[in-house]
Amino acid sequence: MKKKRLIFGIIALQFILFPTFAQDKLLGILKTELHQQMQELQKKEFPPYHMNYRVIDKHSSYVAASFGALMTQSAQHQRHLVTQVRIGNPSFDNFRNRDMGAIPSQNGIAATPLPIDDEGAEDAIRQAIWFETCNRYRFAVDFYQQALAEHSIQVGHEDKAPCFSPNQVEKYYEEPFSSEKIKVDLDKWAQKIKEISAIFNRDDKIVNGNAAFKYYVERRYFVNTEGTEVVQNLPYALILVSGTTKADDGMELPLSLTYFAHNPDSLPDLSIILSETNQLVDRLKALREAPVVDPFTGPALLSGTAAGVFFHEIFGHRVEGQRMKSEKDGQTFKKMIGQQVLPPTLQVYDDPTCQYYAGQQLNGFYKYDDQGVKAQRVNIVVNGILNDFLMTRTPIDGHPTSNGHARAEGGADPVSRQSNLIIESSQPKSDEEMRQLLINEIKKQGKEYGYYFTEVTSGFTFTGRENTSAFNVTPLEVYKVYADGRPDQLVRGVNLIGTPLSMFSNIICAGNKHQVFSGMCGAESGQIPVTAIAPMILVNKVEMQRKPQSRDMLPILKRPANN
């Protein structure tokens, strides 16, 4: 069913001769309009050498509740078109000096809405495509002229790679989901979500107690002037549970639970979520009463979940190749290919083709990226040695082609992003061995205790040259582990800080049980679904500082009692 060619430029106008898959009206309209608009624009002073259309056809179902009360219940169907026009040639085009993910737009809108009904709406769809293509072409000409002017007065870029790389022509088509697959019983889900959020009423010192159900079915269309045609379905079902309490000193203390599946029927049973939400309430109460931690430098354990989030934030964003095209980026790892960056026992890879890991469904799964490139596993670190980056069709020196990691939300331009980031060890340790190794390291360093981070949230990280290449990650649940065998002590009010190269050089070993964390990652090209998978990690040195002191007072009045 597939035809593949390596192709570039205007010759690809012949792509319309390929057969159209099934009788998908929208796909046919997109192909016809792309062909016609490309032909017309060849008559202009600055003819495009490449164009593509990307449509996100999205069905959304959403239910949210707070403390047992329904807050929102809605179902939507939307379509949006994103157009890309490239002027010049692959070596130098209008994207030369563009910031990652940015599409210039009027009134801040980078995507244009399309009618959701194919029947009787063809003229309206064509009109919207024509109008958006005109806008994108004008922006492309402006940016191409700016790039030419800047090129004439600036020193050359350090990165000598071209602006755009060739790729094989891809043909892939999935039939649309049936209406039964798309629609869910929102009233049934509303009852479940209300029941989950009502558990937060157990503790009158919890200030936010929320639960939400989200089900998205995205049908993504991609066509370009090279002949690629990709239509795929991406379903996501999520249950999000979050609670926040406040300590007597005003410190906000949040904890959350996330459940992911590709189909709502595959989400965990309600009894499991109710049980884990009850445990979450108990953990919030304990956290509220925990002492505030003091600044510390020394050994620590990161749970699989904490290590996964940490690697995603601190390591993963620094191996997204397109980021390194910018002269403003810190380019932490750009010149370290072939060098040791992690212990020899660690392997790191990013695999969007992986739909399951350890029996759990993965949020970062897809078959083709948002440039129509087939998804590929990328072995980023092999035996501790940096091997590769996550690439789009924007090449960098030494990495001339895409490996299927161009991703975007809505109206943003696709850029290099993570999908399923997986960390594995060739010499894994058991949980008992990891804890004993931590205690041994505490004693070796002459410390009284070390720390165990069980849950963290993203915090922030600087990758640009304007700031120090540093990170600040916010742990949510942390335990002090004593070398003399005293019980672990829950603490609060800590930030994990440092620089990436130093932190990664301090990793000693990893465990044998992997934890899966699915969520949404926000960066230059918007919010995209990702998964981080990691075992427990032992680090011989972390640096911790106190969180900024909160100035918020506790609520003046007690929360209303429940009947």
# chains A, B, ... in the order shown; residues from 1 in each chain; ligands from 1
call {"tool": "residues_around", "arguments": {"residues": "Asn506 of chain A", "least_positions_apart": "6", "cutoff": "9 Å", "atoms": "only C-alpha atoms", "output": "MDAnalysis selection string"}}
result
chainID A and resid 342:343 538:542
call {"tool": "write_last_selection", "arguments": {"atoms": "C-alpha atoms", "output": "PDB file, in the first residue's frame"}}
result
ATOM      1  CA  LEU A 342      25.791   8.787  32.099  1.00  0.00           C
ATOM      2  CA  PRO A 343      27.080   5.670  33.896  1.00  0.00           C
ATOM      3  CA  LEU A 538      20.673   6.489  43.238  1.00  0.00           C
ATOM      4  CA  VAL A 539      22.622   9.763  43.144  1.00  0.00           C
ATOM      5  CA  ASN A 540      25.644  10.405  45.335  1.00  0.00           C
ATOM      6  CA  LYS A 541      25.056  14.145  45.470  1.00  0.00           C
ATOM      7  CA  VAL A 542      21.972  16.305  45.151  1.00  0.00           C
TER       8      VAL A 542
END
call {"tool": "residues_around", "arguments": {"residues": "Lys181 of chain A", "least_positions_apart": "4", "cutoff": "9 Å", "atoms": "only C-alpha atoms", "output": "list in words"}}
result
Phe177, Val217 and Asn263 of chain A
call {"tool": "atom_distance", "arguments": {"atom1": "atom CA of Gly227 of chain A", "atom2": "atom CA of Val169 of chain A"}}
result
5.9 Å
call {"tool": "closest_atom_pairs", "arguments": {"of": "segment 313-374 of chain A", "to": "segment 410-415 of chain A", "cutoff": "12 Å", "atoms": "only C-alpha atoms", "output": "JSON lines"}}
result
{"residue": "A:His317", "atom": "CA", "partner": "A:Val415", "partner_atom": "CA", "distance": 11.5}
{"residue": "A:Glu320", "atom": "CA", "partner": "A:Val415", "partner_atom": "CA", "distance": 8.5}
{"residue": "A:Gly321", "atom": "CA", "partner": "A:Val415", "partner_atom": "CA", "distance": 8.9}
{"residue": "A:Gln322", "atom": "CA", "partner": "A:Val415", "partner_atom": "CA", "distance": 6.5}
{"residue": "A:Arg323", "atom": "CA", "partner": "A:Val415", "partner_atom": "CA", "distance": 8.1}
{"residue": "A:Met324", "atom": "CA", "partner": "A:Val415", "partner_atom": "CA", "distance": 11.3}
{"residue": "A:Lys325", "atom": "CA", "partner": "A:Val415", "partner_atom": "CA", "distance": 11.0}
{"residue": "A:Asp369", "atom": "CA", "partner": "A:Pro414", "partner_atom": "CA", "distance": 8.7}
{"residue": "A:Asp370", "atom": "CA", "partner": "A:Pro414", "partner_atom": "CA", "distance": 6.1}
{"residue": "A:Gln371", "atom": "CA", "partner": "A:Pro414", "partner_atom": "CA", "distance": 7.1}
{"residue": "A:Gly372", "atom": "CA", "partner": "A:Pro414", "partner_atom": "CA", "distance": 10.6}
{"residue": "A:Val373", "atom": "CA", "partner": "A:Pro414", "partner_atom": "CA", "distance": 11.6}
call {"tool": "write_last_selection", "arguments": {"atoms": "N, CA and C atoms", "output": "PDB file, in the first residue's frame"}}
result
ATOM      1  N   HIS A 317      14.790  17.482  27.302  1.00  0.00           N
ATOM      2  CA  HIS A 317      14.689  18.743  26.555  1.00  0.00           C
ATOM      3  C   HIS A 317      16.033  19.175  25.978  1.00  0.00           C
ATOM      4  N   GLU A 320      16.646  17.455  22.368  1.00  0.00           N
ATOM      5  CA  GLU A 320      15.735  17.782  21.281  1.00  0.00           C
ATOM      6  C   GLU A 320      16.523  18.598  20.258  1.00  0.00           C
ATOM      7  N   GLY A 321      16.846  17.949  19.125  1.00  0.00           N
ATOM      8  CA  GLY A 321      17.853  18.474  18.206  1.00  0.00           C
ATOM      9  C   GLY A 321      17.561  19.847  17.640  1.00  0.00           C
ATOM     10  N   GLN A 322      16.317  20.130  17.265  1.00  0.00           N
ATOM     11  CA  GLN A 322      16.026  21.406  16.601  1.00  0.00           C
ATOM     12  C   GLN A 322      16.338  22.589  17.506  1.00  0.00           C
ATOM     13  N   ARG A 323      16.214  22.381  18.805  1.00  0.00           N
ATOM     14  CA  ARG A 323      16.550  23.443  19.761  1.00  0.00           C
ATOM     15  C   ARG A 323      17.988  23.925  19.563  1.00  0.00           C
ATOM     16  N   MET A 324      18.877  23.010  19.194  1.00  0.00           N
ATOM     17  CA  MET A 324      20.298  23.343  19.072  1.00  0.00           C
ATOM     18  C   MET A 324      20.602  24.134  17.809  1.00  0.00           C
ATOM     19  N   LYS A 325      19.612  24.303  16.937  1.00  0.00           N
ATOM     20  CA  LYS A 325      19.799  25.109  15.736  1.00  0.00           C
ATOM     21  C   LYS A 325      19.930  26.588  16.099  1.00  0.00           C
ATOM     22  N   ASP A 369       4.897  11.433  12.686  1.00  0.00           N
ATOM     23  CA  ASP A 369       4.970  12.703  13.398  1.00  0.00           C
ATOM     24  C   ASP A 369       4.224  13.784  12.625  1.00  0.00           C
ATOM     25  N   ASP A 370       4.293  15.018  13.096  1.00  0.00           N
ATOM     26  CA  ASP A 370       3.512  16.109  12.512  1.00  0.00           C
ATOM     27  C   ASP A 370       4.167  16.738  11.292  1.00  0.00           C
ATOM     28  N   GLN A 371       5.209  16.094  10.760  1.00  0.00           N
ATOM     29  CA  GLN A 371       5.755  16.441   9.447  1.00  0.00           C
ATOM     30  C   GLN A 371       5.588  15.279   8.471  1.00  0.00           C
ATOM     31  N   GLY A 372       4.760  14.296   8.859  1.00  0.00           N
ATOM     32  CA  GLY A 372       4.524  13.148   7.994  1.00  0.00           C
ATOM     33  C   GLY A 372       5.680  12.169   7.932  1.00  0.00           C
ATOM     34  N   VAL A 373       6.582  12.220   8.906  1.00  0.00           N
ATOM     35  CA  VAL A 373       7.735  11.318   8.947  1.00  0.00           C
ATOM     36  C   VAL A 373       7.395  10.129   9.850  1.00  0.00           C
TER      37      VAL A 373
END
call {"tool": "select_by_dssp", "arguments": {"residues": "segment 144-304 of chain A", "states": "helix (DSSP H, G or I)", "output": "count of residues only"}}
result
54
call {"tool": "select_by_dssp", "arguments": {"residues": "segment 8-222 of chain A", "states": "strand (DSSP E or B)", "output": "JSON, numbers by chain"}}
result
{"A": [48, 49, 50, 51, 52, 53, 54, 55, 56, 57, 58, 59, 60, 61, 62, 63, 64, 65, 66, 69, 70, 71, 72, 73, 74, 75, 76, 77, 78, 79, 80, 81, 82, 83, 84, 85, 86, 87, 88, 89, 92, 93, 106, 109, 112, 113, 167, 168, 171, 172, 173, 206, 207, 208, 209, 210, 211, 212, 213, 214, 215, 216, 217, 218, 219, 220, 221, 222]}
call {"tool": "residues_around", "arguments": {"residues": "Ile196 of chain A", "least_positions_apart": "4", "cutoff": "10 Å", "atoms": "only C-alpha atoms", "output": "PyMOL selection string"}}
result
chain A and resi 65-68+190-192+200+209-212+241+270-271+273-278
call {"tool": "write_last_selection", "arguments": {"atoms": "C-alpha atoms", "output": "mmCIF file, in the first residue's frame"}}
result
data_model
loop_
_atom_site.group_PDB
_atom_site.id
_atom_site.type_symbol
_atom_site.label_atom_id
_atom_site.label_comp_id
_atom_site.auth_asym_id
_atom_site.auth_seq_id
_atom_site.Cartn_x
_atom_site.Cartn_y
_atom_site.Cartn_z
ATOM 1 C CA ALA A 65 -15.972 17.833 39.643
ATOM 2 C CA SER A 66 -14.850 19.424 42.907
ATOM 3 C CA PHE A 67 -15.590 18.047 46.389
ATOM 4 C CA GLY A 68 -18.317 15.825 44.980
ATOM 5 C CA ALA A 190 -19.958 12.486 35.778
ATOM 6 C CA GLN A 191 -21.175 10.159 38.530
ATOM 7 C CA LYS A 192 -17.759 8.498 38.773
ATOM 8 C CA PHE A 200 -11.617 15.112 49.549
ATOM 9 C CA GLY A 209 -10.167 18.622 45.825
ATOM 10 C CA ASN A 210 -10.721 17.983 42.138
ATOM 11 C CA ALA A 211 -11.188 15.142 39.677
ATOM 12 C CA ALA A 212 -11.596 15.227 35.916
ATOM 13 C CA VAL A 241 -7.158 13.603 40.527
ATOM 14 C CA LEU A 270 -13.423 2.863 39.911
ATOM 15 C CA SER A 271 -12.707 0.937 43.131
ATOM 16 C CA ILE A 273 -9.119 4.975 41.922
ATOM 17 C CA LEU A 274 -11.301 5.499 45.018
ATOM 18 C CA SER A 275 -8.833 3.531 47.145
ATOM 19 C CA GLU A 276 -5.827 5.468 45.827
ATOM 20 C CA THR A 277 -7.649 8.801 46.272
ATOM 21 C CA ASN A 278 -8.311 7.902 49.919
#
call {"tool": "closest_atom_pairs", "arguments": {"of": "segment 243-281 of chain A", "to": "segment 182-186 of chain A", "cutoff": "12 Å", "atoms": "only C-alpha atoms", "output": "JSON lines"}}
result
{"residue": "A:His262", "atom": "CA", "partner": "A:Ile182", "partner_atom": "CA", "distance": 11.6}
{"residue": "A:Asn263", "atom": "CA", "partner": "A:Ile182", "partner_atom": "CA", "distance": 9.6}
{"residue": "A:Pro264", "atom": "CA", "partner": "A:Val184", "partner_atom": "CA", "distance": 8.2}
{"residue": "A:Asp265", "atom": "CA", "partner": "A:Val184", "partner_atom": "CA", "distance": 9.8}
call {"tool": "write_last_selection", "arguments": {"atoms": "C-alpha atoms", "output": "PDB file, in the first residue's frame"}}
result
ATOM      1  CA  HIS A 262      -6.128   4.836  24.769  1.00  0.00           C
ATOM      2  CA  ASN A 263      -9.737   3.843  25.402  1.00  0.00           C
ATOM      3  CA  PRO A 264     -11.972   4.868  28.350  1.00  0.00           C
ATOM      4  CA  ASP A 265     -12.921   1.215  28.905  1.00  0.00           C
TER       5      ASP A 265
END
call {"tool": "closest_residue", "arguments": {"among": "A:Gly384, A:Pro115, A:Pro548, A:Gly308", "to": "Pro535 of chain A", "atoms": "only C-alpha atoms"}}
result
A:Gly308
